[in-house]
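Student: If you scroll down you'll find the structure; I have some questions about it.
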Amino acid sequence: MAESNENVPAQKLPLENRVAIVTGSSRGIGKAIALHLASLGAKLIINYSSSNSTTLADDVVSQINSNKSMNNSAVSAVAVAVKADISDPDSVKSLFDAAESAFQSPVNILVNSAAVCDEKHPTIMNTDLNDFDLTFSVNTRGSFLCCKEAANRMIKRRGGGGGGGRIICVTSSATASFRAGNGAYTASKAAVEAMVKILAKELKGTGITANCVAPGPIATDMFFNGATEEKVKKVIDECPHGRLGQSEDVAPVVGFLAGDASEWVNGQIIRVNGGYI
């Protein structure tokens with residue numbers, strides 16, 4: 001006679017009760033990452049920067065919390081939306097404060113996914129200085145501020161016996177392809193990759209890892225903004241899989257890096273592009 005499974009304890013999820021901040025997670029790749037980390041048991045801060053994204057962020061929060069309540073009606077909210085401009089140091093500090101306050105726990109995982117891209121895809125010669133400054137302000141300065149805040153807080157937590165942490169920056173495979181157009185965007189992401197590789201070495205002995213996930217062309221609003229049908233077709237033709245990447249192709253890689261099994265992966269740039277580059 002088969003044994004009953006009623007008394008068998010539920011298997012612990014790999015990120016159970018860990019607190020994760022995912023910047024730029026109201027849509028696109030960031031949203032897919034947040035949903036995936038939640039499915040692995042993490043508690044999520046859904047970050048967004050514009051009031052225009054408030055409803056989108058709230059929808060992600062509702063999706064995560066409703067999924068959790070369906071599985072366990074006693075579970076309190078495991079996702080909270082927090083508006084913050086990651087290019088502003090005070091705003092970044094407030095973002096981490098909000099995460100610690102919401103879940104009464106330090107932040108274990110940072111995924112920096114927020115980014116901007118000039119939809120005009122200009123050559124360097126035709127790049128407007130204001131657009132250049134905005135790109136570096138969000139993509140590079142924002143990553144720097146978030147990584148700095150996360151590293152300092154994770155080290156402080158470790159000093160109190162809390163263990164290591166995971167820092168993951170979403171960059172771009174454009175840093176390896178060097179295709180013409182949008183040089184400012186590519187340069188802003190290349191700077192982040194250099195910074196993260198150095199950060200991983202500076203965190204020696206802390207148990208904290210720092211890595212980059214560098215997607216290729218992904219079917220998001222950011223990709224399609226300003227993209228011609230000809231460009232989209234060319235990208236698809238150049239990919240060995242014959243399709244655009246999906247945000248869901250990227251999220252599981254981030255999920256792996258956020259967990260314990262990734263400890264030996266540190267200071268790396270993982271290109272998730274289907275062989276496009």
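Scheme for the structure tokens: letters A, B, ... for chains in order shown; per-chain residue numbers from 1; ligand numbers from 1 in order shown.
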Check which residues of range 156-223 of chain A sit at most 12 Å from range 24-30 of chain A using only C-alpha atoms, and return one row each with the closest pair of atoms and their distance in Å to one decimal, ordered by chain and rising number, as CSV.
Tutor:
```
residue,atom,partner,partner_atom,distance
A:Ile168,CA,A:Gly30,CA,11.7
A:Cys169,CA,A:Gly30,CA,10.8
A:Val170,CA,A:Gly30,CA,8.8
A:Thr171,CA,A:Ile29,CA,11.2
A:Ser172,CA,A:Ile29,CA,11.8
A:Val213,CA,A:Ile29,CA,11.1
A:Ala214,CA,A:Ile29,CA,11.3
A:Pro215,CA,A:Ile29,CA,9.3
A:Gly216,CA,A:Ile29,CA,11.5
A:Pro217,CA,A:Ile29,CA,11.2
A:Ile218,CA,A:Ile29,CA,8.2
A:Ala219,CA,A:Gly28,CA,8.3
A:Thr220,CA,A:Gly28,CA,5.5
A:Asp221,CA,A:Gly28,CA,7.1
A:Met222,CA,A:Gly28,CA,8.1
A:Phe223,CA,A:Gly28,CA,9.9
```
Student: Selection from above, all heavy atoms, as a compact mmCIF listing (two decimals), in the first residue's frame, can you write it?
Tutor:
```txt
# COMPACT_ATOMS: atom_id res chain seq x y z
N ILE A 168 24.05 40.98 -8.98
CA ILE A 168 23.95 40.60 -10.39
C ILE A 168 23.54 41.83 -11.18
O ILE A 168 22.51 42.45 -10.89
CB ILE A 168 22.91 39.48 -10.59
CG1 ILE A 168 23.25 38.28 -9.71
CG2 ILE A 168 22.82 39.08 -12.07
CD1 ILE A 168 22.05 37.39 -9.40
N CYS A 169 24.34 42.19 -12.17
CA CYS A 169 24.00 43.32 -13.04
C CYS A 169 23.64 42.79 -14.43
O CYS A 169 24.37 41.97 -14.99
CB CYS A 169 25.16 44.29 -13.15
SG CYS A 169 25.41 45.32 -11.68
N VAL A 170 22.53 43.28 -14.95
CA VAL A 170 22.13 42.93 -16.31
C VAL A 170 22.79 43.92 -17.26
O VAL A 170 22.54 45.13 -17.17
CB VAL A 170 20.60 42.97 -16.48
CG1 VAL A 170 20.21 42.65 -17.91
CG2 VAL A 170 19.94 42.00 -15.51
N THR A 171 23.66 43.42 -18.12
CA THR A 171 24.37 44.29 -19.06
C THR A 171 23.87 44.00 -20.48
O THR A 171 22.67 43.99 -20.72
CB THR A 171 25.89 44.13 -18.93
OG1 THR A 171 26.26 42.74 -19.09
CG2 THR A 171 26.35 44.61 -17.55
N SER A 172 24.76 43.71 -21.40
CA SER A 172 24.33 43.48 -22.78
C SER A 172 25.42 42.78 -23.57
O SER A 172 26.61 43.06 -23.40
CB SER A 172 24.00 44.82 -23.46
OG SER A 172 23.76 44.64 -24.84
N VAL A 213 24.94 39.35 -16.20
CA VAL A 213 24.21 38.58 -17.20
C VAL A 213 24.00 39.52 -18.39
O VAL A 213 23.44 40.60 -18.23
CB VAL A 213 22.87 38.08 -16.66
CG1 VAL A 213 22.05 37.43 -17.77
CG2 VAL A 213 23.10 37.08 -15.53
N ALA A 214 24.49 39.11 -19.55
CA ALA A 214 24.51 39.99 -20.72
C ALA A 214 23.64 39.43 -21.83
O ALA A 214 24.10 38.64 -22.66
CB ALA A 214 25.95 40.16 -21.21
N PRO A 215 22.36 39.82 -21.86
CA PRO A 215 21.46 39.31 -22.90
C PRO A 215 21.82 39.84 -24.29
O PRO A 215 22.40 40.92 -24.43
CB PRO A 215 20.09 39.84 -22.47
CG PRO A 215 20.25 40.25 -21.04
CD PRO A 215 21.66 40.69 -20.91
N GLY A 216 21.42 39.06 -25.29
CA GLY A 216 21.44 39.55 -26.66
C GLY A 216 20.12 40.24 -26.93
O GLY A 216 19.41 40.65 -26.01
N PRO A 217 19.73 40.36 -28.20
CA PRO A 217 18.45 40.99 -28.52
C PRO A 217 17.27 40.24 -27.90
O PRO A 217 17.10 39.05 -28.14
CB PRO A 217 18.40 40.93 -30.05
CG PRO A 217 19.83 40.86 -30.47
CD PRO A 217 20.50 40.03 -29.42
N ILE A 218 16.49 40.95 -27.09
CA ILE A 218 15.35 40.36 -26.39
C ILE A 218 14.08 41.12 -26.80
O ILE A 218 14.09 42.35 -26.91
CB ILE A 218 15.53 40.46 -24.86
CG1 ILE A 218 16.83 39.76 -24.42
CG2 ILE A 218 14.34 39.86 -24.14
CD1 ILE A 218 16.85 38.26 -24.61
N ALA A 219 13.01 40.39 -27.00
CA ALA A 219 11.75 40.99 -27.46
C ALA A 219 11.08 41.77 -26.34
O ALA A 219 10.13 41.30 -25.70
CB ALA A 219 10.82 39.89 -27.99
N THR A 220 11.58 42.98 -26.10
CA THR A 220 11.02 43.88 -25.10
C THR A 220 10.70 45.21 -25.76
O THR A 220 11.12 45.47 -26.89
CB THR A 220 12.01 44.12 -23.95
OG1 THR A 220 13.18 44.75 -24.48
CG2 THR A 220 12.40 42.82 -23.27
N ASP A 221 10.00 46.06 -25.04
CA ASP A 221 9.71 47.40 -25.56
C ASP A 221 10.99 48.14 -25.89
O ASP A 221 11.06 48.86 -26.89
CB ASP A 221 8.91 48.20 -24.53
CG ASP A 221 7.49 47.68 -24.35
OD1 ASP A 221 7.01 46.93 -25.22
OD2 ASP A 221 6.87 48.00 -23.32
N MET A 222 12.03 47.97 -25.06
CA MET A 222 13.28 48.67 -25.30
C MET A 222 13.89 48.26 -26.65
O MET A 222 14.44 49.10 -27.38
CB MET A 222 14.29 48.39 -24.17
CG MET A 222 15.62 49.10 -24.36
SD MET A 222 16.83 48.76 -23.05
CE MET A 222 16.11 49.71 -21.71
N PHE A 223 13.79 46.98 -26.99
CA PHE A 223 14.35 46.52 -28.27
C PHE A 223 13.54 47.04 -29.45
O PHE A 223 14.09 47.51 -30.44
CB PHE A 223 14.40 44.99 -28.31
CG PHE A 223 14.79 44.45 -29.66
CD1 PHE A 223 16.10 44.46 -30.08
CD2 PHE A 223 13.82 43.95 -30.52
CE1 PHE A 223 16.46 43.97 -31.34
CE2 PHE A 223 14.16 43.48 -31.78
CZ PHE A 223 15.49 43.47 -32.19
```
Student: Could you give me, as a PDB file with N, CA, C and O atoms, in the first residue's frame, each residue of range 17-175 of chain A that DSSP assigns to strand (DSSP E) when run on this structure's backbone?
Tutor:
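Ended up saving to out_3.pdb:
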```
ATOM      1  N   VAL A  19      15.646  38.134   0.633  1.00  0.00           N
ATOM      2  CA  VAL A  19      15.118  39.400   0.142  1.00  0.00           C
ATOM      3  C   VAL A  19      15.905  39.835  -1.088  1.00  0.00           C
ATOM      4  O   VAL A  19      17.135  39.912  -1.056  1.00  0.00           O
ATOM      5  N   ALA A  20      15.180  40.123  -2.155  1.00  0.00           N
ATOM      6  CA  ALA A  20      15.822  40.526  -3.407  1.00  0.00           C
ATOM      7  C   ALA A  20      15.257  41.852  -3.890  1.00  0.00           C
ATOM      8  O   ALA A  20      14.043  42.061  -3.891  1.00  0.00           O
ATOM      9  N   ILE A  21      16.148  42.730  -4.292  1.00  0.00           N
ATOM     10  CA  ILE A  21      15.761  43.953  -4.987  1.00  0.00           C
ATOM     11  C   ILE A  21      16.040  43.739  -6.462  1.00  0.00           C
ATOM     12  O   ILE A  21      17.154  43.368  -6.848  1.00  0.00           O
ATOM     13  N   VAL A  22      15.042  43.974  -7.295  1.00  0.00           N
ATOM     14  CA  VAL A  22      15.235  43.928  -8.742  1.00  0.00           C
ATOM     15  C   VAL A  22      14.876  45.302  -9.284  1.00  0.00           C
ATOM     16  O   VAL A  22      13.705  45.695  -9.284  1.00  0.00           O
ATOM     17  N   THR A  23      15.872  46.056  -9.717  1.00  0.00           N
ATOM     18  CA  THR A  23      15.588  47.382 -10.240  1.00  0.00           C
ATOM     19  C   THR A  23      15.013  47.261 -11.651  1.00  0.00           C
ATOM     20  O   THR A  23      15.290  46.315 -12.373  1.00  0.00           O
ATOM     21  N   LYS A  43      11.594  37.010  -1.489  1.00  0.00           N
ATOM     22  CA  LYS A  43      10.730  38.150  -1.245  1.00  0.00           C
ATOM     23  C   LYS A  43      11.259  39.301  -2.094  1.00  0.00           C
ATOM     24  O   LYS A  43      12.457  39.557  -2.109  1.00  0.00           O
ATOM     25  N   LEU A  44      10.359  39.997  -2.772  1.00  0.00           N
ATOM     26  CA  LEU A  44      10.773  40.910  -3.824  1.00  0.00           C
ATOM     27  C   LEU A  44      10.446  42.377  -3.571  1.00  0.00           C
ATOM     28  O   LEU A  44       9.343  42.706  -3.116  1.00  0.00           O
ATOM     29  N   ILE A  45      11.411  43.228  -3.906  1.00  0.00           N
ATOM     30  CA  ILE A  45      11.151  44.644  -4.059  1.00  0.00           C
ATOM     31  C   ILE A  45      11.081  44.916  -5.555  1.00  0.00           C
ATOM     32  O   ILE A  45      12.064  44.711  -6.279  1.00  0.00           O
ATOM     33  N   ILE A  46       9.908  45.339  -6.015  1.00  0.00           N
ATOM     34  CA  ILE A  46       9.711  45.672  -7.416  1.00  0.00           C
ATOM     35  C   ILE A  46       9.992  47.159  -7.570  1.00  0.00           C
ATOM     36  O   ILE A  46       9.197  48.006  -7.157  1.00  0.00           O
ATOM     37  N   ASN A  47      11.126  47.471  -8.160  1.00  0.00           N
ATOM     38  CA  ASN A  47      11.544  48.866  -8.282  1.00  0.00           C
ATOM     39  C   ASN A  47      11.154  49.442  -9.639  1.00  0.00           C
ATOM     40  O   ASN A  47      11.231  48.769 -10.656  1.00  0.00           O
ATOM     41  N   TYR A  48      10.733  50.703  -9.603  1.00  0.00           N
ATOM     42  CA  TYR A  48      10.448  51.442 -10.825  1.00  0.00           C
ATOM     43  C   TYR A  48      10.809  52.900 -10.574  1.00  0.00           C
ATOM     44  O   TYR A  48      10.931  53.330  -9.417  1.00  0.00           O
ATOM     45  N   ALA A  79       5.894  40.622  -1.969  1.00  0.00           N
ATOM     46  CA  ALA A  79       6.383  41.568  -2.969  1.00  0.00           C
ATOM     47  C   ALA A  79       5.816  42.947  -2.665  1.00  0.00           C
ATOM     48  O   ALA A  79       4.657  43.097  -2.309  1.00  0.00           O
ATOM     49  N   VAL A  80       6.681  43.946  -2.797  1.00  0.00           N
ATOM     50  CA  VAL A  80       6.305  45.329  -2.536  1.00  0.00           C
ATOM     51  C   VAL A  80       6.911  46.201  -3.637  1.00  0.00           C
ATOM     52  O   VAL A  80       8.059  45.992  -4.032  1.00  0.00           O
ATOM     53  N   ALA A  81       6.146  47.168  -4.143  1.00  0.00           N
ATOM     54  CA  ALA A  81       6.648  48.093  -5.161  1.00  0.00           C
ATOM     55  C   ALA A  81       7.260  49.313  -4.479  1.00  0.00           C
ATOM     56  O   ALA A  81       6.684  49.868  -3.539  1.00  0.00           O
ATOM     57  N   VAL A  82       8.434  49.713  -4.958  1.00  0.00           N
ATOM     58  CA  VAL A  82       9.119  50.887  -4.404  1.00  0.00           C
ATOM     59  C   VAL A  82       9.624  51.748  -5.557  1.00  0.00           C
ATOM     60  O   VAL A  82      10.418  51.293  -6.385  1.00  0.00           O
ATOM     61  N   LYS A  83       9.182  52.988  -5.583  1.00  0.00           N
ATOM     62  CA  LYS A  83       9.657  53.930  -6.596  1.00  0.00           C
ATOM     63  C   LYS A  83      10.993  54.510  -6.159  1.00  0.00           C
ATOM     64  O   LYS A  83      11.140  54.987  -5.029  1.00  0.00           O
ATOM     65  N   ILE A 109      19.961  39.741  -2.092  1.00  0.00           N
ATOM     66  CA  ILE A 109      20.185  39.669  -3.534  1.00  0.00           C
ATOM     67  C   ILE A 109      19.880  41.022  -4.167  1.00  0.00           C
ATOM     68  O   ILE A 109      18.824  41.608  -3.917  1.00  0.00           O
ATOM     69  N   LEU A 110      20.804  41.508  -4.974  1.00  0.00           N
ATOM     70  CA  LEU A 110      20.551  42.683  -5.806  1.00  0.00           C
ATOM     71  C   LEU A 110      20.635  42.268  -7.263  1.00  0.00           C
ATOM     72  O   LEU A 110      21.635  41.687  -7.694  1.00  0.00           O
ATOM     73  N   VAL A 111      19.588  42.557  -8.021  1.00  0.00           N
ATOM     74  CA  VAL A 111      19.637  42.403  -9.473  1.00  0.00           C
ATOM     75  C   VAL A 111      19.401  43.781 -10.068  1.00  0.00           C
ATOM     76  O   VAL A 111      18.316  44.339  -9.941  1.00  0.00           O
ATOM     77  N   ASN A 112      20.437  44.339 -10.674  1.00  0.00           N
ATOM     78  CA  ASN A 112      20.295  45.662 -11.265  1.00  0.00           C
ATOM     79  C   ASN A 112      19.942  45.504 -12.738  1.00  0.00           C
ATOM     80  O   ASN A 112      20.793  45.184 -13.566  1.00  0.00           O
ATOM     81  N   GLY A 165      26.163  37.154  -0.029  1.00  0.00           N
ATOM     82  CA  GLY A 165      25.072  37.737  -0.796  1.00  0.00           C
ATOM     83  C   GLY A 165      25.353  37.592  -2.278  1.00  0.00           C
ATOM     84  O   GLY A 165      26.396  37.062  -2.677  1.00  0.00           O
ATOM     85  N   ARG A 166      24.434  38.063  -3.096  1.00  0.00           N
ATOM     86  CA  ARG A 166      24.554  37.952  -4.544  1.00  0.00           C
ATOM     87  C   ARG A 166      24.268  39.308  -5.180  1.00  0.00           C
ATOM     88  O   ARG A 166      23.224  39.906  -4.946  1.00  0.00           O
ATOM     89  N   ILE A 167      25.198  39.762  -6.001  1.00  0.00           N
ATOM     90  CA  ILE A 167      25.044  40.990  -6.767  1.00  0.00           C
ATOM     91  C   ILE A 167      25.102  40.627  -8.249  1.00  0.00           C
ATOM     92  O   ILE A 167      26.079  40.023  -8.708  1.00  0.00           O
ATOM     93  N   ILE A 168      24.054  40.978  -8.977  1.00  0.00           N
ATOM     94  CA  ILE A 168      23.952  40.604 -10.390  1.00  0.00           C
ATOM     95  C   ILE A 168      23.543  41.830 -11.184  1.00  0.00           C
ATOM     96  O   ILE A 168      22.511  42.454 -10.893  1.00  0.00           O
ATOM     97  N   CYS A 169      24.336  42.192 -12.170  1.00  0.00           N
ATOM     98  CA  CYS A 169      23.997  43.315 -13.041  1.00  0.00           C
ATOM     99  C   CYS A 169      23.640  42.793 -14.428  1.00  0.00           C
ATOM    100  O   CYS A 169      24.369  41.970 -14.994  1.00  0.00           O
ATOM    101  N   VAL A 170      22.532  43.280 -14.952  1.00  0.00           N
ATOM    102  CA  VAL A 170      22.128  42.927 -16.311  1.00  0.00           C
ATOM    103  C   VAL A 170      22.794  43.924 -17.256  1.00  0.00           C
ATOM    104  O   VAL A 170      22.544  45.130 -17.174  1.00  0.00           O
TER     105      VAL A 170
END
```
Student: Show which residues sit within 9 Å of range 119-130 of chain A, as a PDB file with N, CA, C and O atoms, in the first residue's frame. Count only C-alpha atoms, and ignore same-chain residues fewer than 6 positions away.
Tutor:
```pdb
ATOM      1  N   ALA A 180      27.787  48.845 -35.029  1.00  0.00           N
ATOM      2  CA  ALA A 180      27.636  50.290 -35.193  1.00  0.00           C
ATOM      3  C   ALA A 180      26.268  50.739 -34.683  1.00  0.00           C
ATOM      4  O   ALA A 180      25.277  50.022 -34.791  1.00  0.00           O
ATOM      5  N   GLY A 181      26.225  51.948 -34.124  1.00  0.00           N
ATOM      6  CA  GLY A 181      24.988  52.513 -33.616  1.00  0.00           C
ATOM      7  C   GLY A 181      24.860  52.331 -32.118  1.00  0.00           C
ATOM      8  O   GLY A 181      25.201  51.282 -31.572  1.00  0.00           O
ATOM      9  N   ASN A 182      24.405  53.385 -31.452  1.00  0.00           N
ATOM     10  CA  ASN A 182      24.182  53.349 -29.999  1.00  0.00           C
ATOM     11  C   ASN A 182      25.447  53.046 -29.207  1.00  0.00           C
ATOM     12  O   ASN A 182      25.433  52.258 -28.253  1.00  0.00           O
ATOM     13  N   GLY A 183      26.528  53.685 -29.608  1.00  0.00           N
ATOM     14  CA  GLY A 183      27.793  53.483 -28.908  1.00  0.00           C
ATOM     15  C   GLY A 183      27.745  53.874 -27.446  1.00  0.00           C
ATOM     16  O   GLY A 183      28.419  53.268 -26.608  1.00  0.00           O
ATOM     17  N   ALA A 184      26.937  54.893 -27.121  1.00  0.00           N
ATOM     18  CA  ALA A 184      26.835  55.322 -25.721  1.00  0.00           C
ATOM     19  C   ALA A 184      26.248  54.212 -24.854  1.00  0.00           C
ATOM     20  O   ALA A 184      26.735  53.943 -23.748  1.00  0.00           O
ATOM     21  N   TYR A 185      25.212  53.549 -25.351  1.00  0.00           N
ATOM     22  CA  TYR A 185      24.593  52.450 -24.603  1.00  0.00           C
ATOM     23  C   TYR A 185      25.600  51.316 -24.396  1.00  0.00           C
ATOM     24  O   TYR A 185      25.764  50.809 -23.281  1.00  0.00           O
ATOM     25  N   MET A 222      12.027  47.971 -25.061  1.00  0.00           N
ATOM     26  CA  MET A 222      13.285  48.667 -25.304  1.00  0.00           C
ATOM     27  C   MET A 222      13.891  48.264 -26.647  1.00  0.00           C
ATOM     28  O   MET A 222      14.439  49.099 -27.375  1.00  0.00           O
ATOM     29  N   PHE A 223      13.792  46.979 -26.988  1.00  0.00           N
ATOM     30  CA  PHE A 223      14.348  46.517 -28.266  1.00  0.00           C
ATOM     31  C   PHE A 223      13.536  47.042 -29.447  1.00  0.00           C
ATOM     32  O   PHE A 223      14.091  47.511 -30.444  1.00  0.00           O
ATOM     33  N   PHE A 224      12.221  46.985 -29.327  1.00  0.00           N
ATOM     34  CA  PHE A 224      11.373  47.343 -30.460  1.00  0.00           C
ATOM     35  C   PHE A 224      11.280  48.849 -30.687  1.00  0.00           C
ATOM     36  O   PHE A 224      10.995  49.288 -31.799  1.00  0.00           O
ATOM     37  N   ASN A 225      11.539  49.655 -29.631  1.00  0.00           N
ATOM     38  CA  ASN A 225      11.492  51.106 -29.803  1.00  0.00           C
ATOM     39  C   ASN A 225      12.560  51.560 -30.797  1.00  0.00           C
ATOM     40  O   ASN A 225      13.752  51.428 -30.564  1.00  0.00           O
ATOM     41  N   GLY A 226      12.121  52.088 -31.907  1.00  0.00           N
ATOM     42  CA  GLY A 226      13.050  52.580 -32.919  1.00  0.00           C
ATOM     43  C   GLY A 226      13.581  51.529 -33.854  1.00  0.00           C
ATOM     44  O   GLY A 226      14.347  51.839 -34.771  1.00  0.00           O
ATOM     45  N   ALA A 227      13.198  50.262 -33.653  1.00  0.00           N
ATOM     46  CA  ALA A 227      13.702  49.181 -34.504  1.00  0.00           C
ATOM     47  C   ALA A 227      12.820  49.044 -35.751  1.00  0.00           C
ATOM     48  O   ALA A 227      11.595  48.970 -35.648  1.00  0.00           O
TER      49      ALA A 227
END
```
Student: Skipping near chain neighbours, those fewer than 3 positions away, what residues fall within 12 Å of range 263-270 of chain A using only C-alpha atoms, listed as a ChimeraX atom specification?
Tutor: /A:164-173,175-176,189-190,192-204,206-216,250,253-254,256-260,273-274,277
Student: Taking only C-alpha atoms into account, name the residue in A:Gln246, A:Ser113, A:Asn152, A:Ile236 that is nearest to Tyr276 in chain A.
Tutor: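 With only C-alpha atoms as the atom set, the closest residue is A:Ile236.
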Student: Report the residues of range 92-198 of chain A whose backbone DSSP state falls under alpha helix (DSSP H), written as a PyMOL selection string.
Tutor: chain A and resi 92-103+129-136+142-159+174-177+183-198
Student: Quick one: of A:Asn52, A:Ser62, A:Asn67, A:Ser101, who's nearest to Ser39 in chain A, counting only C-alpha atoms?
Tutor: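 Closest candidate: A:Asn67.
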Student: Mind giving me the straight-line distance from CA of Leu37 in chain A to CA of Leu15 in chain A in Å, one decimal?
Tutor: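 Interatomic distance, CA of Leu37 in chain A to CA of Leu15 in chain A: 7.4 Å.
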Student: Counting only C-alpha atoms, give me one row per residue of range 106-199 of chain A with an atom at most 9 Å from an atom of range 87-97 of chain A, showing the shortest contact pair and its distance in Å to one decimal, sorted by chain then residue number, as JSON lines.
Tutor:
```
{"residue": "A:Pro106", "atom": "CA", "partner": "A:Phe96", "partner_atom": "CA", "distance": 8.5}
{"residue": "A:Val107", "atom": "CA", "partner": "A:Phe96", "partner_atom": "CA", "distance": 7.3}
{"residue": "A:Ser137", "atom": "CA", "partner": "A:Ser87", "partner_atom": "CA", "distance": 5.7}
{"residue": "A:Val138", "atom": "CA", "partner": "A:Ser87", "partner_atom": "CA", "distance": 5.3}
{"residue": "A:Asn139", "atom": "CA", "partner": "A:Ser87", "partner_atom": "CA", "distance": 8.3}
{"residue": "A:Thr140", "atom": "CA", "partner": "A:Ser87", "partner_atom": "CA", "distance": 8.5}
{"residue": "A:Arg141", "atom": "CA", "partner": "A:Ser87", "partner_atom": "CA", "distance": 5.8}
{"residue": "A:Gly142", "atom": "CA", "partner": "A:Ser87", "partner_atom": "CA", "distance": 4.3}
{"residue": "A:Ser143", "atom": "CA", "partner": "A:Ser87", "partner_atom": "CA", "distance": 8.1}
{"residue": "A:Phe144", "atom": "CA", "partner": "A:Ser87", "partner_atom": "CA", "distance": 8.8}
{"residue": "A:Leu145", "atom": "CA", "partner": "A:Pro89", "partner_atom": "CA", "distance": 6.3}
{"residue": "A:Cys146", "atom": "CA", "partner": "A:Val92", "partner_atom": "CA", "distance": 6.5}
{"residue": "A:Glu149", "atom": "CA", "partner": "A:Lys93", "partner_atom": "CA", "distance": 6.9}
{"residue": "A:Ala150", "atom": "CA", "partner": "A:Phe96", "partner_atom": "CA", "distance": 8.0}
{"residue": "A:Arg153", "atom": "CA", "partner": "A:Phe96", "partner_atom": "CA", "distance": 8.8}
```
Student: From the options A:Ala151, A:Gly41, A:Asn65, A:Ile33, which residue's atoms come nearest to Ala114 in chain A, counting only C-alpha atoms?
Tutor: A:Ile33
Student: So what do you get for CA of Val61 in chain A versus CA of Lys12 in chain A, distance-wise?
Tutor: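 Calculated distance between CA of Val61 in chain A and CA of Lys12 in chain A is 22.2 Å.
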Student: Do you have the CA of Ala57 in chain A-CA of Glu248 in chain A distance handy?
Tutor: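 So the two atoms, CA of Ala57 in chain A and CA of Glu248 in chain A, lie 17.8 Å apart.
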